[in-house]
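In what follows, a structure is listed as structure tokens, so that the remarks can point back to it.
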Amino acid sequence: MTRTTLTRRSLGALLAAGLLAGGLTACGNSDTGDSAGGGDGKIVLGFSQVGAESGWRTANTTSIKEAAAEAGIELKFDDAQQKQENQIKAIRNFIQQKVDVIAFSPVVESGWDTVLKEAKDAKIPVILTDRAVDSADKSLYKTFIGSDFVKEGRLAGEWLVKEKQTATGPVNIVELQGTTGSAPANDRKKGFAEAIAANPNLKVVASQSGDFTRAGGKQVMEQFLKANPKIDVLFAHNDDMGLGALEAITAAGKVPGKDITIITIDAVKDGMQALADGKFNFIAECSPLLGPQLMELVKKVKAGEEVPVRVETEETTFTQEQAKAALPTRKY
């Protein structure tokens with residue numbers, strides 16, 4: 001065998017090896033290009049949270065982060081700090097990053113059609129969590145998971161109607177509303193108003209937003225107490241505003257739970273403690289632990305499976321004795 005033949009054969013082998021390696025690299029590249037956020041085949045979920053305005057919201061965020069890790073889903077998390085423009089920006093960033101699914105808890109109900117259409121055009125399915133939107137085009141999102149806020153308001157009102165059924169004179173109610181324009185604020189107000197209409201003695205004498213925060217609840221309750229010499233009942237759209245209001249009520253020399261009947265919604269640990277201690281009188285539950293159910297929906301939506309248009313969370317109500325019984329095992 002001549003030296004030239006050896007050289008040609010070696011060259012041929014090198015070329016073949018090079019082509020094979022090149023072919024393998026090309027295959028590898030095309031595989032990673034198919035999924036967002038890397039080539040490990042994980043589902044990538046972009047999630048925009050309202051903020052961290054309450055104990056409820058903090059528990060909700062924890063549930064989502066833990067459930068994503070448990071389900072092996074890559075989570076891109078954004079905190080909107082209670083601003084709609086921040087959420088719209090986050091959703092646009094998720095679209096640019098080509099995530100598999102977008103989920104978000106909308107700050108307010110209106111003004112989402114444009115950005116949701118952008119997600120739909122990019123063929124990225126959207127899931128609404130905890131709060132709804134008022135878009136006429138229901139094809140802009142796949143499903144909603146969360147609570148029935150109207151029912152929560154109604155349960156609060158129904159308890160009050162029963163509690164004050166023997167009242168012969170007017171019962172003056174003040175209402176601490178949630179964030180103006182948000183689904184829970186709109187719906188809880190509606191449900192409560194519908195329920196108390198059963199007793200004409202029950203009258204809402206003042207209603208204002210405390211923005212779902214303790215500071216807001218305290219500030220607005222201080223105003224209520226100055227403007228209304230006789231307040232019999234406080235209905236707060238969440239525990240945190242109710243807890244803030246406790247400070248204002250105590251500072252005004254009144255006994256919360258006795259001088260003023262206090263009804264709230266959520267049932268977070270601090271609220272349940274106030275109920276067990278007799279400072280609150282009744283709580284309608286709104287569970288923040290949506291994470292596991294959300295991840296199941298994310299997997300189904302990504303796989304192209306049909307999902308219900310609305311998935312409701314299971315919830316209950318609490319009196320003082322029920323709160324005492326539930327507190328030791330409360331997760332949030």
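Here's how to read the names in the structure tokens: chain A, B, ... by the order shown, residue numbers from 1 in each chain, ligand numbers from 1 in the order shown.
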Next on the checklist: DSSP on the backbone: which residues in region 38-187 of chain A end up as alpha helix (DSSP H)? Give the answer as number ranges by chain.
Outcome noted: A: 55-71, 84-96, 113-121, 149-163, 183-187
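When the distance limit is 6 Å and only C-alpha atoms are what count, the residues near Thr264 (chain A), minus those fewer than 3 positions from it on the same chain, are Phe235, Ala236, His237, Asn238, Asp239 and Ile283 of chain A.
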Determine, counting only C-alpha atoms, which protein, DNA and RNA residues have an atom within 12 Å of an atom of Gly169 (chain A); residues of the same chain fewer than 3 positions away are not included. Present the result as a compact mmCIF listing (two decimals) with all heavy atoms, in the first residue's frame.
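Writing done, so here's out_2.txt:
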```
# COMPACT_ATOMS: atom_id res chain seq x y z
N LYS A 164 -78.41 39.83 62.83
CA LYS A 164 -79.13 41.05 63.21
C LYS A 164 -80.64 40.95 62.96
O LYS A 164 -81.32 41.97 62.82
CB LYS A 164 -78.56 42.25 62.41
CG LYS A 164 -77.08 42.52 62.63
CD LYS A 164 -76.79 43.01 64.03
CE LYS A 164 -75.31 43.33 64.22
NZ LYS A 164 -74.99 43.73 65.61
N GLN A 165 -81.16 39.74 62.90
CA GLN A 165 -82.58 39.58 62.55
C GLN A 165 -83.53 40.17 63.60
O GLN A 165 -84.67 40.52 63.30
CB GLN A 165 -82.91 38.10 62.31
CG GLN A 165 -82.68 37.18 63.49
CD GLN A 165 -82.82 35.70 63.11
OE1 GLN A 165 -83.28 35.38 62.02
NE2 GLN A 165 -82.43 34.81 64.00
N THR A 166 -83.05 40.33 64.85
CA THR A 166 -83.92 40.88 65.90
C THR A 166 -83.80 42.40 66.02
O THR A 166 -84.50 43.02 66.81
CB THR A 166 -83.58 40.23 67.26
OG1 THR A 166 -82.19 40.43 67.53
CG2 THR A 166 -83.90 38.74 67.26
N ASN A 172 -76.10 50.40 61.14
CA ASN A 172 -75.20 51.15 60.25
C ASN A 172 -73.94 50.34 59.93
O ASN A 172 -73.20 49.93 60.83
CB ASN A 172 -74.79 52.47 60.90
CG ASN A 172 -75.95 53.46 60.96
OD1 ASN A 172 -76.99 53.24 60.34
ND2 ASN A 172 -75.78 54.53 61.71
N ASN A 199 -83.01 42.55 54.61
CA ASN A 199 -83.41 43.26 55.83
C ASN A 199 -83.22 44.77 55.63
O ASN A 199 -82.09 45.25 55.62
CB ASN A 199 -82.59 42.77 57.02
CG ASN A 199 -83.01 43.42 58.34
OD1 ASN A 199 -83.72 44.43 58.36
ND2 ASN A 199 -82.57 42.84 59.44
N PRO A 200 -84.31 45.53 55.48
CA PRO A 200 -84.20 46.97 55.22
C PRO A 200 -83.53 47.77 56.34
O PRO A 200 -83.11 48.91 56.14
CB PRO A 200 -85.65 47.42 55.01
CG PRO A 200 -86.51 46.28 55.44
CD PRO A 200 -85.69 45.05 55.50
N ASN A 201 -83.41 47.16 57.55
CA ASN A 201 -82.71 47.85 58.65
C ASN A 201 -81.20 47.94 58.42
O ASN A 201 -80.52 48.78 59.01
CB ASN A 201 -82.96 47.11 59.98
CG ASN A 201 -84.34 47.39 60.55
OD1 ASN A 201 -84.87 48.48 60.35
ND2 ASN A 201 -84.92 46.41 61.23
N LEU A 202 -80.67 47.03 57.59
CA LEU A 202 -79.22 46.99 57.33
C LEU A 202 -78.86 48.00 56.25
O LEU A 202 -79.30 47.86 55.11
CB LEU A 202 -78.79 45.58 56.91
CG LEU A 202 -79.10 44.43 57.90
CD1 LEU A 202 -78.67 43.10 57.33
CD2 LEU A 202 -78.44 44.67 59.25
N LYS A 203 -78.07 49.01 56.63
CA LYS A 203 -77.75 50.08 55.68
C LYS A 203 -76.24 50.34 55.63
O LYS A 203 -75.61 50.51 56.68
CB LYS A 203 -78.45 51.39 56.09
CG LYS A 203 -79.95 51.40 55.80
CD LYS A 203 -80.55 52.77 56.09
CE LYS A 203 -82.00 52.87 55.61
NZ LYS A 203 -82.89 51.92 56.27
N ASP A 232 -72.21 50.26 63.55
CA ASP A 232 -72.55 48.98 64.18
C ASP A 232 -71.77 47.81 63.59
O ASP A 232 -71.45 46.84 64.28
CB ASP A 232 -74.05 48.70 64.02
CG ASP A 232 -74.91 49.81 64.60
OD1 ASP A 232 -74.78 50.06 65.81
OD2 ASP A 232 -75.67 50.43 63.84
```
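In this comparison, which uses only C-alpha atoms, the residue of A:Phe212, A:Pro328, A:Lys230, A:Ile124 approaching Lys254 (chain A) most closely is A:Lys230.
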Can you list, as a PDB file with C-alpha atoms, in the first residue's frame, all residues belonging to region 190-304 of chain A that DSSP tags as strand (DSSP E or B)?
```
ATOM      1  CA  LEU A 202     -79.218  46.987  57.335  1.00  0.00           C
ATOM      2  CA  LYS A 203     -77.745  50.082  55.684  1.00  0.00           C
ATOM      3  CA  VAL A 204     -74.269  50.719  54.244  1.00  0.00           C
ATOM      4  CA  VAL A 205     -73.592  54.306  55.400  1.00  0.00           C
ATOM      5  CA  ALA A 206     -70.033  54.560  54.023  1.00  0.00           C
ATOM      6  CA  SER A 207     -68.015  52.545  51.487  1.00  0.00           C
ATOM      7  CA  GLN A 208     -64.458  53.254  50.357  1.00  0.00           C
ATOM      8  CA  SER A 209     -61.394  51.416  49.031  1.00  0.00           C
ATOM      9  CA  VAL A 233     -70.856  46.755  61.568  1.00  0.00           C
ATOM     10  CA  LEU A 234     -67.659  46.727  59.509  1.00  0.00           C
ATOM     11  CA  PHE A 235     -67.544  44.614  56.349  1.00  0.00           C
ATOM     12  CA  ALA A 236     -63.952  44.407  55.054  1.00  0.00           C
ATOM     13  CA  PRO A 256     -63.747  45.442  68.139  1.00  0.00           C
ATOM     14  CA  ILE A 260     -68.558  46.974  66.197  1.00  0.00           C
ATOM     15  CA  THR A 261     -69.329  43.608  64.568  1.00  0.00           C
ATOM     16  CA  ILE A 262     -66.528  42.793  62.117  1.00  0.00           C
ATOM     17  CA  ILE A 263     -66.944  40.568  59.044  1.00  0.00           C
ATOM     18  CA  THR A 264     -64.032  39.885  56.672  1.00  0.00           C
ATOM     19  CA  ILE A 265     -63.055  37.620  53.771  1.00  0.00           C
ATOM     20  CA  ASP A 266     -59.941  35.409  53.243  1.00  0.00           C
ATOM     21  CA  PHE A 282     -67.170  36.041  60.986  1.00  0.00           C
ATOM     22  CA  ILE A 283     -64.888  35.198  58.029  1.00  0.00           C
ATOM     23  CA  ALA A 284     -65.793  33.840  54.596  1.00  0.00           C
ATOM     24  CA  GLU A 285     -62.831  31.833  53.285  1.00  0.00           C
TER      25      GLU A 285
END
```
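Using only C-alpha atoms, the protein and nucleic acid residues lying no more than 12 Å from Ala303 (chain A), apart from those fewer than 6 places from it along its own chain, are Ile43, Asp100, Val101, Pro125, Glu296 and Leu297 of chain A.
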So that I have them on file, write out the residues from the current selection with N, CA, C and O atoms, as an mmCIF file, in the first residue's frame.
```cif
data_model
loop_
_atom_site.group_PDB
_atom_site.id
_atom_site.type_symbol
_atom_site.label_atom_id
_atom_site.label_comp_id
_atom_site.auth_asym_id
_atom_site.auth_seq_id
_atom_site.Cartn_x
_atom_site.Cartn_y
_atom_site.Cartn_z
ATOM 1 N N ILE A 43 -41.724 22.332 30.678
ATOM 2 C CA ILE A 43 -42.723 23.355 30.343
ATOM 3 C C ILE A 43 -42.281 24.647 31.013
ATOM 4 O O ILE A 43 -41.881 24.646 32.182
ATOM 5 N N ASP A 100 -44.177 28.670 27.238
ATOM 6 C CA ASP A 100 -45.199 27.723 26.773
ATOM 7 C C ASP A 100 -46.611 28.150 27.172
ATOM 8 O O ASP A 100 -47.560 27.979 26.420
ATOM 9 N N VAL A 101 -46.744 28.658 28.405
ATOM 10 C CA VAL A 101 -48.043 29.070 28.939
ATOM 11 C C VAL A 101 -47.846 30.346 29.747
ATOM 12 O O VAL A 101 -46.817 30.516 30.401
ATOM 13 N N PRO A 125 -51.074 29.903 25.136
ATOM 14 C CA PRO A 125 -52.318 29.886 25.916
ATOM 15 C C PRO A 125 -52.194 30.656 27.231
ATOM 16 O O PRO A 125 -51.120 30.692 27.838
ATOM 17 N N GLU A 296 -51.620 21.629 37.235
ATOM 18 C CA GLU A 296 -52.355 20.601 36.486
ATOM 19 C C GLU A 296 -52.953 21.204 35.212
ATOM 20 O O GLU A 296 -52.894 20.608 34.138
ATOM 21 N N LEU A 297 -53.529 22.403 35.347
ATOM 22 C CA LEU A 297 -54.120 23.082 34.190
ATOM 23 C C LEU A 297 -53.056 23.464 33.166
ATOM 24 O O LEU A 297 -53.268 23.343 31.963
#
```
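Of the listed residues A:Lys258, A:Lys302, A:Glu152, A:Ile196, the one whose atoms come nearest to Val126 (chain A) is A:Lys302, with distances taken using only C-alpha atoms.
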Item to check | For region 93-98 of chain A: contacts at 12 Å, only C-alpha atoms, fewer than 2 positions along chain excluded, given as number ranges by chain | outcome: A: 33-38, 43-48, 75-78, 86-91, 100-104, 115-126
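Nearest residue to Glu312 (chain A), choosing from A:Gly146, A:Pro288, A:Gly271, A:Gly257 and counting only C-alpha atoms: A:Gly146.
The residue that comes closest to Thr213 (chain A), out of A:Thr316, A:Gln177, A:Gln84, A:Gln49 and on the basis of only C-alpha atoms, is A:Gln177.
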Checklist outcome for this item: What separates CA of Thr180 (chain A) and CA of Glu163 (chain A) is a distance of 28.7 Å
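Using only C-alpha atoms, the smallest distance between any of A:Thr319, A:Ser287, A:Ser54, A:Asn186 and Ala215 (chain A) comes from A:Ser54.
Counting only C-alpha atoms, the residue from A:Met241, A:Gly181, A:Ile249, A:Asp134 that sits nearest to Phe224 (chain A) is A:Ile249.
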